[in-house]
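*Asks:* Structure below; questions to follow.
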Amino acid sequence: MNFHRQYALLSLWILLLLANAKANVKQPLVYPQSRIVGGSNAIQGQFPYQVSLRIENNHICGGSIISYNYIVTAAHCVVQGNPPKQVDPHSLTIYAGSNYINSGGLVLKVAEVKVHPSYKGGNNDISLLKLTLPLIFNEHLRAIPLAVHDSPTGVPVITSGWGRLSDGGTRPQILQYNTLMAVNHLDCTRWISGLPSSVFCLAHTFGNGVCNGDSGGSAVYNNTLVGVTNFVVGNCGTHYPDVYASVPYHLKWLRENSQQ
């Protein structure tokens with residue numbers, strides 16, 4: 001099967017799945033706009049678990065609240081340099097409780113960074129951040145449960161973040177979200193070679209998907225956190241699926257390292 005035919009069939013498959021799932025997916029009353037890439041503005045309180053991870057008050061990545069004291073994000077968000085070195089937790093802050101990137105939320109300091117011990121490149125790209133003070137939950141600020149099982153193939157999965165609106169484009173002021181489709185690991189390896197078993201893929205049509213600044217953010221199915229945004233292949237919003245660290249795969253490590 002040639003490349004163009006393969007891509008056309010994948011796009012058709014995604015569109016059919018989206019149409020079939022539309023009646024069962026609750027969407028907020030907002031108008032679609034060209035965001036996240038190809039997503040929409042979130043309404044306040046729609047993603048109360050979403051946080052912005054910052055260095056010196058500059059947004060670098062997303063993250064998800066999983067308890068009063070812990071945030072989960074991507075390992076590559078908190079490991080920098082060559083050779084790679086874990087960033088000083090005192091240089092990190094978390095911004096939470098608002099859809100607006102620069103207003104309406106609260107800033108919390110990070111006490112400890114826990115990078116998965118087997119993190120290397122695109123494998124086990126997941127980490128935990130312990131806060132200096134516990135969060136006080138409300139309607140705009142609360143944790144999301146960790147998924148026990150990966151999302152089934154073909155179901156809609158929601159991703160969110162403040163990443164660029166297009167490849168090399170501007171960053172949004174309002175939190176963005178998009179609905180992508182779960183792809184089984186074997187099918188994804190036909191598009192992206194060398195994928196480790198610690199990840200899964202979300203497919204989308206051209207002009208949709210995550211982008212720079214969305215790393216560390218969430219993939220949510222059935223109101224549980226199934227994935228952490230890891231990377232895209234090539235430019236943002238291409239025909240390639242986006243890749244996420246699997247929360248169920250890392251569940252034991254996440255639970256053991258986020259004890260209160």
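Identifiers in the structure tokens: chain A, B, ... in order shown; residue index from 1 per chain; ligand index from 1 in order shown.
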Please return as number ranges by chain: the residues of range 4-249 of chain A that backbone DSSP assigns to alpha helix (DSSP H).

*Replies:* A: 4-21, 185-189

*Asks:* Considering only C-alpha atoms, return as an MDAnalysis selection string whatever protein or nucleic-acid residues lie within 7 Å of Gly161 in chain A, sequence-local ones (same chain, fewer than 2 positions apart) excluded.

*Replies:* chainID A and resid 36 62 163 175:177 214 217

*Asks:* Mind dumping the selected residues with N, CA and C atoms as a compact mmCIF listing (two decimals), in the first residue's frame?

*Replies:*
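Here's the written file selection-v6.txt:
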# COMPACT_ATOMS: atom_id res chain seq x y z
N ILE A 36 -4.46 24.31 19.57
CA ILE A 36 -3.61 23.25 20.18
C ILE A 36 -2.77 22.46 19.19
N GLY A 62 3.12 21.16 30.19
CA GLY A 62 1.90 20.93 30.94
C GLY A 62 2.12 19.89 32.02
N GLY A 163 0.14 24.60 24.42
CA GLY A 163 1.18 24.54 23.41
C GLY A 163 0.87 25.41 22.20
N LEU A 175 -6.44 27.95 27.63
CA LEU A 175 -6.18 26.52 27.53
C LEU A 175 -6.94 25.93 26.34
N GLN A 176 -6.26 25.07 25.58
CA GLN A 176 -6.84 24.43 24.41
C GLN A 176 -7.04 22.93 24.63
N TYR A 177 -7.99 22.35 23.88
CA TYR A 177 -8.18 20.90 23.94
C TYR A 177 -8.56 20.38 22.57
N ASP A 214 2.97 21.56 24.82
CA ASP A 214 1.95 20.62 25.31
C ASP A 214 2.57 19.43 26.03
N GLY A 217 1.49 17.22 29.29
CA GLY A 217 0.05 17.36 29.49
C GLY A 217 -0.67 16.02 29.45

*Asks:* Rounded to one decimal place, report the CA of Ser160 in chain A-CA of Asp125 in chain A distance in Å.

*Replies:*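 Interatomic distance, CA of Ser160 in chain A to CA of Asp125 in chain A: 17.9 Å.
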
*Asks:* Could you build a table of the residues in range 145-248 of chain A lying no more than 8 Å from range 97-114 of chain A, giving for each the nearest pair of atoms and their separation in Å rounded to one decimal place, using only C-alpha atoms, ordered by chain and ascending residue number, as a Markdown table?

*Replies:*
| residue | atom | partner | partner_atom | distance |
| --- | --- | --- | --- | --- |
| A:Trp162 | CA | A:Ile101 | CA | 7.5 |
| A:Pro172 | CA | A:Ile101 | CA | 7.9 |
| A:Gln173 | CA | A:Ile101 | CA | 5.3 |
| A:Ile174 | CA | A:Tyr100 | CA | 4.7 |
| A:Leu175 | CA | A:Asn99 | CA | 5.0 |

*Asks:* Using only C-alpha atoms, which protein or nucleic acid residues come within 8 Å of His204 in chain A? Drop anything in the same chain fewer than 2 positions from it, and give the result as a list of chain:residue names.

*Replies:*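 Residues meeting the cut-off are A:Ser11, A:Ile14, A:Leu180, A:Met181, A:Leu202, A:Phe206, A:Asn208, A:Gly209, A:His239, A:Tyr240, A:Pro241.
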
*Asks:* Do a neighbour search on Ala74 in chain A at 6 Å with only C-alpha atoms, toss out local chain neighbours closer than 6 positions, and write the hits as a list of chain:residue names.

*Replies:*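 Counting only C-alpha atoms, the residues come to A:Asp125, A:Ile126, A:Ser127, A:Gly216.
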
*Asks:* Grab the CA of Pro152 in chain A to CA of Ala182 in chain A distance for me, in Å with one decimal place.

*Replies:* 6.7 Å

*Asks:* When DSSP is applied to the backbone of this structure, which of range 39-173 of chain A are assigned strand (DSSP E)? Write them out as a count of residues only.

*Replies:* 51

*Asks:* Which is closer to Gly169 in chain A than all the others in A:Gln80, A:Asn257, A:Gln44, A:Asn235, using only C-alpha atoms?

*Replies:*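 Looking only at the distances to Gly169 in chain A, the closest residue turns out to be A:Asn235.
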
*Asks:* I'd like to know which of A:Pro248, A:Leu92, A:Val72, A:Asn41 is closest to Glu56 in chain A, using only C-alpha atoms.

*Replies:*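 Among A:Pro248, A:Leu92, A:Val72, A:Asn41, it is A:Leu92 that comes nearest to Glu56 in chain A.
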
*Asks:* Could you tell me which of A:Val232, A:Ile66, A:Ala245, A:Ala42 comes closest to Leu146 in chain A if we count only C-alpha atoms?

*Replies:*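 Closest candidate: A:Ile66.
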
*Asks:* Could you list, as a list in words, every residue within 7 Å of Cys61 in chain A, counting only C-alpha atoms and ignoring same-chain residues fewer than 3 positions away?

*Replies:*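 Selected residues are Ser52, Leu53, Cys77, Gly213, Asp214, Ser215 and Gly216 of chain A.
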
*Asks:* Generate the output file for the selected residues, N, CA, C and O atoms, as a PDB file, in the first residue's frame.

*Replies:*
ATOM      1  N   SER A  52       0.197  24.369  34.395  1.00  0.00           N
ATOM      2  CA  SER A  52       1.322  24.845  33.587  1.00  0.00           C
ATOM      3  C   SER A  52       2.587  24.713  34.414  1.00  0.00           C
ATOM      4  O   SER A  52       2.656  25.216  35.542  1.00  0.00           O
ATOM      5  N   LEU A  53       3.589  24.036  33.868  1.00  0.00           N
ATOM      6  CA  LEU A  53       4.890  23.901  34.516  1.00  0.00           C
ATOM      7  C   LEU A  53       5.796  25.014  34.013  1.00  0.00           C
ATOM      8  O   LEU A  53       5.906  25.227  32.799  1.00  0.00           O
ATOM      9  N   CYS A  77      10.654  17.261  30.390  1.00  0.00           N
ATOM     10  CA  CYS A  77      10.359  18.633  30.836  1.00  0.00           C
ATOM     11  C   CYS A  77      11.253  19.062  32.004  1.00  0.00           C
ATOM     12  O   CYS A  77      11.438  20.258  32.231  1.00  0.00           O
ATOM     13  N   GLY A 213       5.166  22.835  23.852  1.00  0.00           N
ATOM     14  CA  GLY A 213       4.527  23.423  25.025  1.00  0.00           C
ATOM     15  C   GLY A 213       3.418  22.567  25.585  1.00  0.00           C
ATOM     16  O   GLY A 213       2.957  22.783  26.712  1.00  0.00           O
ATOM     17  N   ASP A 214       2.967  21.560  24.820  1.00  0.00           N
ATOM     18  CA  ASP A 214       1.951  20.618  25.305  1.00  0.00           C
ATOM     19  C   ASP A 214       2.569  19.426  26.027  1.00  0.00           C
ATOM     20  O   ASP A 214       1.855  18.669  26.702  1.00  0.00           O
ATOM     21  N   SER A 215       3.882  19.236  25.887  1.00  0.00           N
ATOM     22  CA  SER A 215       4.558  18.113  26.544  1.00  0.00           C
ATOM     23  C   SER A 215       4.216  18.072  28.032  1.00  0.00           C
ATOM     24  O   SER A 215       4.110  19.110  28.688  1.00  0.00           O
ATOM     25  N   GLY A 216       4.078  16.857  28.549  1.00  0.00           N
ATOM     26  CA  GLY A 216       3.761  16.700  29.966  1.00  0.00           C
ATOM     27  C   GLY A 216       2.293  16.779  30.278  1.00  0.00           C
ATOM     28  O   GLY A 216       1.865  16.458  31.388  1.00  0.00           O
TER      29      GLY A 216
END

*Asks:* Smallest atom-to-atom distance to Gly45 in chain A: which of A:Leu141, A:Leu129, A:Ala219, A:Val243, using only C-alpha atoms?

*Replies:*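 Of A:Leu141, A:Leu129, A:Ala219, A:Val243, the one nearest Gly45 in chain A is A:Leu141, counting only C-alpha atoms.
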
*Asks:* Counting only C-alpha atoms, which of A:Tyr244, A:Phe137, A:Tyr95, A:Tyr49 gets nearest to Pro196 in chain A?

*Replies:*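 Residue with the minimum atom-to-atom distance to Pro196 in chain A: A:Tyr244.
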
*Asks:* Any idea what's packed within 12 Å of Pro84 in chain A, counting only C-alpha atoms, ignoring anything in its chain fewer than 5 positions away? Could you give it as a ChimeraX atom specification?

*Replies:* /A:75-79,115,119-121
